[in-house]
>>> print(open('structure06.cif').read())   # mmCIF, C-alpha atoms and all ligand atoms
data_upload
#
loop_
_atom_site.label_atom_id
_atom_site.label_comp_id
_atom_site.auth_asym_id
_atom_site.auth_seq_id
_atom_site.Cartn_x
_atom_site.Cartn_y
_atom_site.Cartn_z
CA MET A 3 20.54 19.10 -2.22
CA ASN A 4 21.91 20.93 0.83
CA LYS A 5 24.73 19.87 3.13
CA ILE A 6 22.90 19.94 6.41
CA CYS A 7 23.38 18.52 9.91
CA GLN A 8 21.47 15.25 9.88
CA HIS A 9 20.86 14.95 13.62
CA PRO A 10 17.38 16.56 13.73
CA PHE A 11 16.26 14.24 10.92
CA LYS A 12 17.92 11.00 11.97
CA THR A 13 19.06 11.01 15.61
CA ILE A 14 17.57 11.03 19.07
CA GLN A 15 19.34 11.31 22.38
CA ILE A 16 17.46 10.01 25.40
CA GLN A 17 17.98 11.25 28.93
CA ASN A 18 16.96 9.39 32.10
CA THR A 19 14.27 12.03 32.70
CA GLY A 20 12.58 10.72 29.53
CA GLU A 21 13.36 13.93 27.63
CA VAL A 22 14.25 13.38 23.97
CA TYR A 23 16.78 15.58 22.15
CA CYS A 24 18.16 15.36 18.63
CA CYS A 25 21.80 15.53 19.73
CA CYS A 26 23.71 16.37 22.91
CA CYS A 27 21.21 18.26 25.12
CA TYR A 28 23.85 20.92 25.97
CA TRP A 29 24.38 21.69 22.27
CA THR A 30 20.73 22.66 21.79
CA ASP A 31 20.39 24.31 25.18
CA PHE A 32 17.96 21.58 26.27
CA TYR A 33 15.56 21.99 23.34
CA SER A 34 13.48 18.88 23.98
CA PHE A 35 11.24 17.28 21.33
CA GLY A 36 9.12 15.74 24.12
CA ASN A 37 9.07 13.21 26.96
CA ILE A 38 8.84 9.46 26.35
CA PHE A 39 7.08 8.88 29.67
CA ASP A 40 4.25 11.30 28.81
CA GLN A 41 3.87 11.02 25.05
CA SER A 42 3.92 8.37 22.35
CA PHE A 43 7.05 8.23 20.27
CA ASP A 44 5.14 9.37 17.19
CA GLU A 45 3.87 12.44 19.07
CA ILE A 46 7.48 13.34 19.89
CA TRP A 47 9.20 12.59 16.58
CA ASN A 48 6.47 14.18 14.45
CA GLY A 49 5.31 16.73 17.00
CA GLU A 50 5.28 20.54 16.76
CA LYS A 51 8.55 20.98 18.65
CA ALA A 52 10.43 18.60 16.36
CA LYS A 53 8.87 20.20 13.29
CA GLU A 54 9.79 23.70 14.45
CA PHE A 55 13.41 22.59 15.03
CA ARG A 56 13.63 21.09 11.54
CA ARG A 57 11.89 24.09 9.95
CA GLN A 58 14.62 26.37 11.31
CA PHE A 59 17.21 24.05 9.82
CA ILE A 60 15.65 24.03 6.38
CA GLU A 61 15.77 27.83 6.48
CA ASN A 62 19.45 27.66 7.45
CA ASN A 63 18.64 29.23 10.78
CA PHE A 64 20.47 27.57 13.65
CA LYS A 65 18.77 29.53 16.39
CA TYR A 66 18.41 26.48 18.65
CA CYS A 67 21.97 25.23 18.11
CA LYS A 68 25.18 26.13 19.89
CA THR A 69 27.21 25.76 16.71
CA ASP A 70 30.39 27.00 18.40
CA VAL A 71 30.56 23.88 20.60
CA CYS A 72 28.52 21.19 18.82
CA ASP A 73 29.69 18.45 16.48
CA PRO A 74 27.31 18.46 13.51
CA ALA A 75 26.92 15.44 11.26
CA TYR A 76 26.81 17.11 7.84
CA ASP A 77 25.48 15.18 4.92
CA ASP A 78 23.60 15.68 1.70
CA ILE A 79 20.05 15.44 2.89
CA ASP A 80 16.93 16.47 1.13
CA PRO A 81 15.45 18.78 3.78
CA LYS A 82 11.94 17.82 2.69
CA LEU A 83 12.74 14.21 3.50
CA THR A 84 10.65 12.77 6.31
CA VAL A 85 12.10 9.84 8.18
CA ALA A 86 9.46 7.83 9.99
CA TYR A 87 11.84 6.81 12.77
CA PRO A 88 15.31 7.90 13.86
CA ILE A 89 18.17 5.81 12.53
CA ARG A 90 20.56 6.53 15.37
CA ILE A 91 19.67 6.42 19.08
CA GLU A 92 21.95 7.67 21.81
CA PHE A 93 21.55 6.58 25.40
CA SER A 94 23.73 9.04 27.21
CA TYR A 95 22.67 9.63 30.77
CA ASP A 96 24.18 6.78 32.80
CA ARG A 97 26.93 8.32 34.96
CA HIS A 98 28.11 5.09 36.65
CA CYS A 99 31.87 4.78 36.37
CA ASN A 100 34.63 2.53 37.70
CA VAL A 101 37.32 5.23 37.76
CA ARG A 102 37.73 8.95 38.33
CA CYS A 103 39.51 10.93 35.64
CA ILE A 104 40.69 14.13 37.27
CA PHE A 105 39.24 16.29 34.49
CA CYS A 106 35.80 14.64 34.54
CA ARG A 107 34.49 13.71 37.97
CA HIS A 108 34.16 14.55 41.63
CA GLU A 109 33.97 11.79 44.15
CA LYS A 110 30.60 10.00 44.25
CA ASN A 111 27.53 11.79 45.51
CA LYS A 112 25.06 9.40 47.23
CA GLU A 113 21.99 11.60 46.70
CA GLU A 114 22.69 12.03 43.01
CA GLU A 115 23.21 8.26 42.65
CA GLU A 116 19.89 7.51 44.35
CA TYR A 117 18.11 10.06 42.13
CA ASN A 118 19.61 8.54 38.98
CA ARG A 119 18.91 4.96 40.10
CA ASN A 120 15.19 5.71 40.43
CA LYS A 121 15.12 7.22 36.94
CA GLU A 122 16.99 4.22 35.52
CA LYS A 123 14.51 1.80 37.12
CA ARG A 124 11.67 3.62 35.40
CA ILE A 125 13.43 3.23 32.03
CA GLU A 126 14.13 -0.48 32.63
CA GLU A 127 10.51 -1.15 33.64
CA ASN A 128 9.08 0.67 30.61
CA PHE A 129 11.80 -0.18 28.11
CA ASP A 130 10.03 -2.72 25.88
CA ARG A 131 6.77 -0.76 25.78
CA ILE A 132 8.45 2.53 24.89
CA PHE A 133 11.39 1.51 22.76
CA THR A 134 10.45 -1.64 20.84
CA PRO A 135 9.15 0.13 17.68
CA VAL A 136 11.93 2.73 17.79
CA ILE A 137 14.71 0.17 18.18
CA GLN A 138 13.23 -2.14 15.57
CA HIS A 139 13.65 0.66 13.01
CA ALA A 140 17.05 1.92 14.19
CA GLU A 141 20.41 1.08 12.62
CA LEU A 142 22.86 2.40 15.21
CA ILE A 143 22.87 2.71 18.99
CA GLU A 144 25.37 4.84 20.84
CA LEU A 145 26.34 4.08 24.46
CA ASN A 146 27.52 5.73 26.73
CA SER A 147 28.97 9.20 26.57
CA ALA A 148 28.06 10.09 30.17
CA GLY A 149 29.76 7.31 32.17
CA GLU A 150 31.23 3.85 31.75
CA LEU A 151 29.00 1.31 30.00
CA PHE A 152 30.89 -1.77 31.19
CA ALA A 153 30.81 -0.64 34.83
CA SER A 154 27.03 -0.24 34.86
CA LYS A 155 24.49 -3.02 35.36
CA HIS A 156 21.83 -0.70 33.98
CA SER A 157 23.62 0.01 30.68
CA ILE A 158 24.55 -3.65 30.23
CA GLU A 159 20.89 -4.52 30.74
CA ILE A 160 19.96 -1.95 28.06
CA VAL A 161 22.44 -3.52 25.60
CA LYS A 162 20.86 -6.96 26.16
CA LYS A 163 17.34 -5.60 25.68
CA ILE A 164 18.32 -3.77 22.48
CA ILE A 165 19.89 -6.89 20.91
CA ASN A 166 16.85 -8.88 21.89
CA ILE A 167 14.56 -6.41 20.12
CA ASN A 168 16.75 -5.91 17.03
CA PRO A 169 19.48 -8.50 16.42
CA GLN A 170 20.63 -6.61 13.28
CA ILE A 171 21.51 -3.48 15.26
CA LYS A 172 25.02 -1.96 15.31
CA PHE A 173 26.68 -0.20 18.25
CA ARG A 174 28.96 2.81 18.62
CA ILE A 175 30.60 2.43 22.02
CA ILE A 176 32.63 4.97 23.95
CA SER A 177 34.53 3.55 26.91
CA ASN A 178 37.59 3.94 29.10
CA GLY A 179 38.58 0.48 27.85
CA ILE A 180 39.35 -1.12 31.22
CA LEU A 181 36.47 -3.61 31.21
CA PHE A 182 35.97 -3.76 27.43
CA THR A 183 37.40 -7.29 27.19
CA LYS A 184 37.06 -9.90 24.47
CA LYS A 185 35.08 -12.01 26.97
CA ILE A 186 32.39 -9.41 27.74
CA SER A 187 32.21 -8.35 24.12
CA GLN A 188 31.51 -11.94 23.04
CA GLU A 189 29.18 -12.72 25.96
CA LEU A 190 27.01 -9.69 25.24
CA GLY A 191 26.99 -10.36 21.51
CA LEU A 192 28.68 -7.03 20.85
CA GLU A 193 31.61 -8.40 18.89
CA ASP A 194 29.55 -9.00 15.74
CA ARG A 195 27.61 -5.79 16.14
CA LEU A 196 30.32 -3.21 16.70
CA SER A 197 30.41 -0.36 14.25
CA SER A 198 32.74 1.96 16.22
CA ALA A 199 34.76 1.60 19.39
CA ILE A 200 36.11 4.79 20.97
CA ILE A 201 38.54 4.24 23.80
CA SER A 202 39.66 7.12 26.02
CA ILE A 203 43.27 6.69 27.17
CA HIS A 204 44.87 10.18 27.32
CA ALA A 205 48.47 8.97 27.67
CA SER A 206 51.23 6.96 26.05
CA THR A 207 52.81 5.84 29.32
CA GLU A 208 51.41 4.16 32.41
CA LYS A 209 52.96 6.82 34.64
CA THR A 210 51.08 9.69 32.98
CA TYR A 211 47.89 7.64 32.67
CA ASN A 212 47.94 7.02 36.43
CA LYS A 213 48.18 10.74 37.12
CA LEU A 214 45.00 11.35 35.12
CA VAL A 215 42.87 8.27 35.75
CA GLU A 216 42.41 7.42 39.41
CA ARG A 217 41.73 3.70 40.00
CA GLY A 218 42.53 3.03 36.32
CA ASN A 219 44.33 0.02 34.84
CA PHE A 220 46.67 0.89 31.98
CA LYS A 221 47.73 -2.72 31.31
CA ALA A 222 44.11 -3.84 30.97
CA VAL A 223 43.39 -0.96 28.57
CA MET A 224 46.39 -1.89 26.41
CA GLU A 225 45.28 -5.53 26.33
CA ASN A 226 41.73 -4.59 25.30
CA VAL A 227 42.88 -2.09 22.66
CA LYS A 228 44.96 -4.89 21.12
CA TYR A 229 41.84 -7.05 20.96
CA LEU A 230 39.86 -4.22 19.30
CA SER A 231 42.75 -3.61 16.94
CA GLU A 232 42.52 -7.24 15.79
CA LEU A 233 38.81 -6.75 15.13
CA LYS A 234 39.60 -3.62 13.13
CA LYS A 235 42.28 -5.43 11.12
CA SER A 236 39.93 -8.30 10.34
CA GLY A 237 37.31 -5.82 9.05
CA LYS A 238 34.77 -6.66 11.78
CA LEU A 239 35.06 -3.21 13.33
CA GLU A 240 34.66 -0.16 11.06
CA THR A 241 36.19 2.50 13.31
CA LEU A 242 38.63 2.31 16.21
CA GLN A 243 39.32 5.69 17.78
CA LEU A 244 41.61 6.45 20.73
CA ASN A 245 40.70 9.62 22.64
CA PHE A 246 43.12 11.96 24.34
CA VAL A 247 41.94 14.96 26.40
CA VAL A 248 44.85 17.40 26.22
CA THR A 249 46.05 18.80 29.56
CA SER A 250 49.29 20.16 31.03
CA ILE A 251 49.98 16.67 32.41
CA ASN A 252 49.92 14.66 29.16
CA TYR A 253 50.62 17.07 26.26
CA LYS A 254 54.21 15.87 25.83
CA GLU A 255 52.89 12.38 24.97
CA MET A 256 50.66 13.48 22.08
CA ILE A 257 53.11 12.58 19.31
CA ASP A 258 53.78 9.10 20.72
CA PHE A 259 50.04 8.64 21.10
CA VAL A 260 49.55 9.21 17.35
CA LYS A 261 52.25 6.61 16.64
CA PHE A 262 50.56 4.18 19.00
CA ALA A 263 47.17 4.75 17.32
CA LYS A 264 48.70 4.05 13.91
CA LYS A 265 50.21 0.81 15.21
CA MET A 266 46.78 -0.21 16.49
CA HIS A 267 45.09 0.52 13.11
CA ALA A 268 43.18 3.22 14.94
CA ARG A 269 42.87 6.97 14.69
CA ALA A 270 43.93 9.28 17.51
CA PHE A 271 41.46 11.98 18.52
CA PHE A 272 42.65 15.02 20.48
CA ILE A 273 40.10 17.10 22.38
CA ASN A 274 40.75 20.22 24.40
CA TYR A 275 39.92 20.05 28.07
CA HIS A 276 36.46 21.54 28.75
CA ARG A 277 36.21 23.07 32.16
CA GLN A 278 33.59 21.28 34.21
CA ILE A 279 34.89 20.82 37.73
CA ASP A 280 34.74 23.44 40.40
CA SER A 281 38.31 23.57 41.59
CA ASP A 282 39.62 26.74 39.94
CA LYS A 283 43.18 25.94 40.86
CA LEU A 284 43.13 22.48 39.29
CA GLU A 285 41.40 23.79 36.18
CA THR A 286 43.85 26.61 35.64
CA GLU A 287 46.76 24.22 36.09
CA LEU A 288 45.30 21.58 33.77
CA ASP A 289 44.00 23.79 30.99
CA ILE A 290 47.09 24.22 28.86
CA SER A 291 44.97 25.60 26.00
CA LEU A 292 44.57 28.91 27.89
CA THR A 293 46.94 31.57 26.56
CA SER A 294 47.67 32.47 30.19
CA HIS A 295 49.01 28.98 30.87
CA PRO A 296 52.83 29.00 31.22
CA LYS A 297 53.17 26.05 28.82
CA TYR A 298 50.68 27.28 26.22
CA ASN A 299 53.32 28.03 23.57
CA GLU A 300 54.88 24.57 24.08
CA LEU A 301 51.54 22.98 23.26
CA VAL A 302 51.16 25.11 20.12
CA LYS A 303 54.65 24.07 19.03
CA ILE A 304 53.81 20.38 19.48
CA LEU A 305 50.58 20.83 17.52
CA SER A 306 52.55 22.24 14.58
CA ASN A 307 54.17 18.83 14.06
CA PRO A 308 53.09 17.42 10.64
CA ILE A 309 52.20 14.10 12.30
CA PHE A 310 48.89 15.71 13.33
CA ASN A 311 47.92 16.11 9.66
CA ASN A 312 47.88 12.37 9.02
CA GLU A 313 44.69 10.55 8.18
CA TYR A 314 44.96 8.47 11.38
CA CYS A 315 44.79 11.57 13.53
CA ILE A 316 42.02 14.11 14.28
CA VAL A 317 42.62 17.29 16.25
CA ASN A 318 39.45 19.09 17.30
CA ASP A 319 38.74 22.55 15.83
CA TYR A 320 39.53 24.42 19.03
CA LEU A 321 43.02 22.91 19.34
CA LYS A 322 43.60 23.45 15.63
CA SER A 323 42.82 27.15 16.01
CA LEU A 324 45.51 27.79 18.67
CA LYS A 325 48.21 30.24 17.59
CA PRO A 326 51.51 31.04 19.36
CA ILE A 327 51.46 34.21 21.46
CA LYS A 328 54.24 36.78 21.70
CA LEU A 329 55.56 37.25 25.23
CA SER A 330 57.20 40.33 26.64
CA PHE A 331 60.40 39.96 28.67
CA LEU A 332 58.35 40.44 31.87
CA ASP A 333 55.82 37.75 30.81
CA LYS A 334 58.65 35.31 30.22
CA ILE A 335 60.09 35.91 33.69
CA GLN A 336 56.64 35.52 35.31
CA ARG A 337 56.04 32.28 33.45
CA LEU A 338 59.39 30.92 34.50
CA PHE A 339 58.36 31.44 38.12
CA LYS A 340 54.98 29.79 37.57
CA LYS A 341 56.57 26.61 36.11
C1 LIG B 1 32.51 11.40 29.83
S1 LIG B 1 33.37 10.17 28.91
C2 LIG B 1 32.24 8.79 28.96
C3 LIG B 1 32.71 7.58 28.21
C4 LIG B 1 33.83 6.78 28.85
N1 LIG B 1 33.73 6.67 30.24
C5 LIG B 1 35.18 7.35 28.43
O1 LIG B 1 35.93 7.78 29.29
O2 LIG B 1 35.42 7.34 27.22
C6 LIG B 1 33.21 10.71 27.24
C7 LIG B 1 34.42 11.45 26.71
O3 LIG B 1 34.49 12.72 27.37
C8 LIG B 1 35.84 13.00 27.66
N2 LIG B 1 35.92 13.98 28.75
C9 LIG B 1 35.64 13.80 30.05
N3 LIG B 1 35.86 14.93 30.75
C10 LIG B 1 36.27 15.86 29.85
C11 LIG B 1 36.64 17.22 29.96
N4 LIG B 1 36.66 17.88 31.12
N5 LIG B 1 37.02 17.86 28.83
C12 LIG B 1 37.02 17.23 27.62
N6 LIG B 1 36.66 15.94 27.46
C13 LIG B 1 36.29 15.26 28.56
C14 LIG B 1 36.37 11.65 28.03
O4 LIG B 1 37.75 11.58 28.01
C15 LIG B 1 35.76 10.77 26.99
O5 LIG B 1 36.57 10.73 25.82
S1 LIG B 2 23.92 21.79 14.29
FE1 LIG B 2 24.85 21.12 16.24
S2 LIG B 2 23.36 21.57 17.85
FE2 LIG B 2 22.30 21.66 15.85
S3 LIG B 2 21.44 19.63 15.61
FE3 LIG B 2 23.42 19.59 14.57
S4 LIG B 2 24.87 18.88 16.16
FE4 LIG B 2 22.99 19.47 17.21
S1 LIG B 3 36.18 7.03 32.50
FE1 LIG B 3 34.92 8.40 31.29
S2 LIG B 3 33.10 8.81 32.58
FE2 LIG B 3 34.63 7.85 33.88
S3 LIG B 3 35.65 9.56 34.86
FE3 LIG B 3 36.84 9.05 33.02
S4 LIG B 3 36.03 10.32 31.38
FE4 LIG B 3 34.57 10.38 33.07
#
>>> encode(input="structure06.cif", output="structure tokens")
Amino acid sequence: MNKICQHPFKTIQIQNTGEVYCCCCYWTDFYSFGNIFDQSFDEIWNGEKAKEFRRQFIENNFKYCKTDVCDPAYDDIDPKLTVAYPIRIEFSYDRHCNVRCIFCRHEKNKEEEEYNRNKEKRIEENFDRIFTPVIQHAELIELNSAGELFASKHSIEIVKKIININPQIKFRIISNGILFTKKISQELGLEDRLSSAIISIHASTEKTYNKLVERGNFKAVMENVKYLSELKKSGKLETLQLNFVVTSINYKEMIDFVKFAKKMHARAFFINYHRQIDSDKLETELDISLTSHPKYNELVKILSNPIFNNEYCIVNDYLKSLKPIKLSFLDKIQRLFKK
């Protein structure tokens, strides 16, 4: 049997346009298997476009995949295996959020919100008809890698509908942690159905957190992480992961963050900052992983600490690949002035 990325065989990601992808739409350059508003699910999952994608995989040809940026789920899979329905479903289009992290968002755009709201309404109205058979066969639902689940009426409604259709379902939830309280988790029936909780915090101190997360609430996040940590300790939660997007503002807190994760029975996950906002100045200042950044070598030195090799810590491949750079005397002077 081959080790092969299982997403095309087991996963779907749904966008609010109705387009269905097998993983993050950016990773496959928007290679859509079909549209749930225009086709039956069977036509999409077993259609020509899905078959062509899988055929390329079986031949070890990743022509539709951006393998330099994606996060494959490798497993021993018989490539001839046909799975009647996907096992994992990702809803990752809802951009509602209660905060603004400076590396993620602009201020709100009314037109974009209106556009998205209309698309969400269409999903809500057609949800049972379209998704009942798919959700009945699924094992894991992932919400919401585009915005904040607990700040969105739409996503909360989707969670309720999913549990109603398939009470055995498990969830993988990614959240900023502010509203992920014991109360909401129990009220929604999530507590007994959590497989993974991924909480993005990016700092070990409130001061640094406040510089990165506008309108955030560090104390509430700490409280909720403690609750999730208890669930992890009791065995109810399989995975607790604490995310940290590395920037020039927070890199000095990475080591303490690993210690905090260990204390919480969690694993720390460090991701490099992907440029996605249009202020060049802010990006250049934040992106400490650029060799041109004056503090680049300091980051590399921190990353060489053996604490990052522990099993309760994951550093993404890009950060792992960073090597110190040699600086000329002139470079050093210029960097001193930039600091
Ligand atoms: C877009 S958020 C959505 C889920 C939730 N609101 C949260 O913050 O975890 C998903 C993940 O992307 C990360 N992220 C956001 N902007 C990023 C950027 N510019 N570079 C790298 N990761 C980023 C977040 O920190 C978070 O871990
Ligand atoms: S190899 Fe990457 S892009 Fe291709 S299906 Fe897997 S995760 Fe998606
Ligand atoms: S909480 Fe998540 S979605 Fe909201 S701004 Fe921060 S990273 Fe983006």
>>> axis_aligned_box(input="structure06.cif", around="range 243-258 of chain A", padding_each_side="5 Å", output="lines of an AutoDock Vina configuration file")
center_x = 46.8
center_y = 12.9
center_z = 25.1
size_x = 24.9
size_y = 24.5
size_z = 24.6
>>> residues_near_ligand(input="structure06.cif", ligand="ligand LIG 1 (chain B)", cutoff="9 Å", atoms="only C-alpha atoms and all ligand atoms", output="NGL selection string")
:A and (94 or 97-101 or 103-107 or 145-152 or 175-179 or 200-204 or 244-248 or 271 or 273-279)
>>> residues_around(input="structure06.cif", residues="Asn18 in chain A", least_positions_apart="3", cutoff="8 Å", atoms="only C-alpha atoms", output="list of chain:residue names")
A:Glu21, A:Tyr95, A:Asp96, A:Asn118, A:Lys121, A:Glu122, A:Ile125
>>> closest_residue(input="structure06.cif", among="A:Lys172, A:Lys68, A:Lys51, A:Lys5", to="ligand LIG 2 (chain B)", atoms="only C-alpha atoms and all ligand atoms")
A:Lys68
>>> atom_distance(input="structure06.cif", atom1="CA of Leu142 in chain A", atom2="CA of Met224 in chain A")
26.4 Å
>>> atom_distance(input="structure06.cif", atom1="CA of Ile316 in chain A", atom2="CA of Lys238 in chain A")
22.1 Å
>>> residues_near_point(input="structure06.cif", point="(44.5, 3.6, 10.8)", cutoff="12 Å", atoms="all atoms listed in the file", output="PyMOL selection string")
chain A and resi 231+234-235+237+239-244+260-271+312-316
>>> closest_atom_pairs(input="structure06.cif", of="chain A", to="ligand LIG 2 (chain B)", cutoff="8 Å", atoms="only C-alpha atoms and all ligand atoms", output="tab-separated table")
residue	atom	partner	partner_atom	distance
A:Cys7	CA	B:LIG2	FE3	4.8
A:Gln8	CA	B:LIG2	FE3	6.7
A:His9	CA	B:LIG2	S3	5.1
A:Pro10	CA	B:LIG2	S3	5.4
A:Cys24	CA	B:LIG2	S3	6.2
A:Cys25	CA	B:LIG2	FE4	4.8
A:Cys26	CA	B:LIG2	FE4	6.5
A:Trp29	CA	B:LIG2	S2	4.5
A:Thr30	CA	B:LIG2	S2	4.9
A:Phe64	CA	B:LIG2	FE2	6.6
A:Tyr66	CA	B:LIG2	FE2	6.8
A:Cys67	CA	B:LIG2	S2	3.9
A:Lys68	CA	B:LIG2	S2	5.3
A:Thr69	CA	B:LIG2	FE1	5.2
A:Val71	CA	B:LIG2	FE1	7.7
A:Cys72	CA	B:LIG2	FE1	4.5
A:Asp73	CA	B:LIG2	S4	4.8
A:Pro74	CA	B:LIG2	S4	3.6
A:Ala75	CA	B:LIG2	S4	6.3
A:Tyr76	CA	B:LIG2	FE3	7.9
>>> residues_around(input="structure06.cif", residues="Lys213 in chain A", least_positions_apart="4", cutoff="10 Å", atoms="all atoms listed in the file", output="ChimeraX atom specification")
/A:103-104,205,208-209,217-218,251-252
>>> closest_residue(input="structure06.cif", among="A:Ile171, A:Leu324, A:Met256, A:Leu181", to="ligand LIG 3 (chain B)", atoms="all atoms listed in the file")
A:Leu181
>>> closest_residue(input="structure06.cif", among="A:Leu196, A:Val215, A:Val85, A:Ile290", to="ligand LIG 3 (chain B)", atoms="only C-alpha atoms and all ligand atoms")
A:Val215
>>> residues_near_point(input="structure06.cif", point="(13.5, 1.9, 14.4)", cutoff="6 Å", atoms="all atoms listed in the file", output="ChimeraX atom specification")
/A:87,135-140
>>> write_last_selection(input="structure06.cif", atoms="C-alpha atoms", output="PDB file, in the coordinates of the input")
ATOM      1  CA  TYR A  87      11.840   6.810  12.770  1.00  0.00           C
ATOM      2  CA  PRO A 135       9.150   0.130  17.680  1.00  0.00           C
ATOM      3  CA  VAL A 136      11.930   2.730  17.790  1.00  0.00           C
ATOM      4  CA  ILE A 137      14.710   0.170  18.180  1.00  0.00           C
ATOM      5  CA  GLN A 138      13.230  -2.140  15.570  1.00  0.00           C
ATOM      6  CA  HIS A 139      13.650   0.660  13.010  1.00  0.00           C
ATOM      7  CA  ALA A 140      17.050   1.920  14.190  1.00  0.00           C
TER       8      ALA A 140
END
>>> atom_distance(input="structure06.cif", atom1="CA of Leu192 in chain A", atom2="CA of Val161 in chain A")
8.6 Å
>>> closest_residue(input="structure06.cif", among="A:Leu321, A:Ile309, A:Val223, A:Ile160", to="ligand LIG 3 (chain B)", atoms="all atoms listed in the file")
A:Val223
>>> closest_residue(input="structure06.cif", among="A:Ile132, A:Cys27, A:Ile257, A:Leu190", to="Ile46 in chain A", atoms="all atoms listed in the file")
A:Ile132
>>> closest_residue(input="structure06.cif", among="A:Ser187, A:Gln17, A:Ser198, A:Asn166", to="Arg124 in chain A", atoms="all atoms listed in the file")
A:Gln17
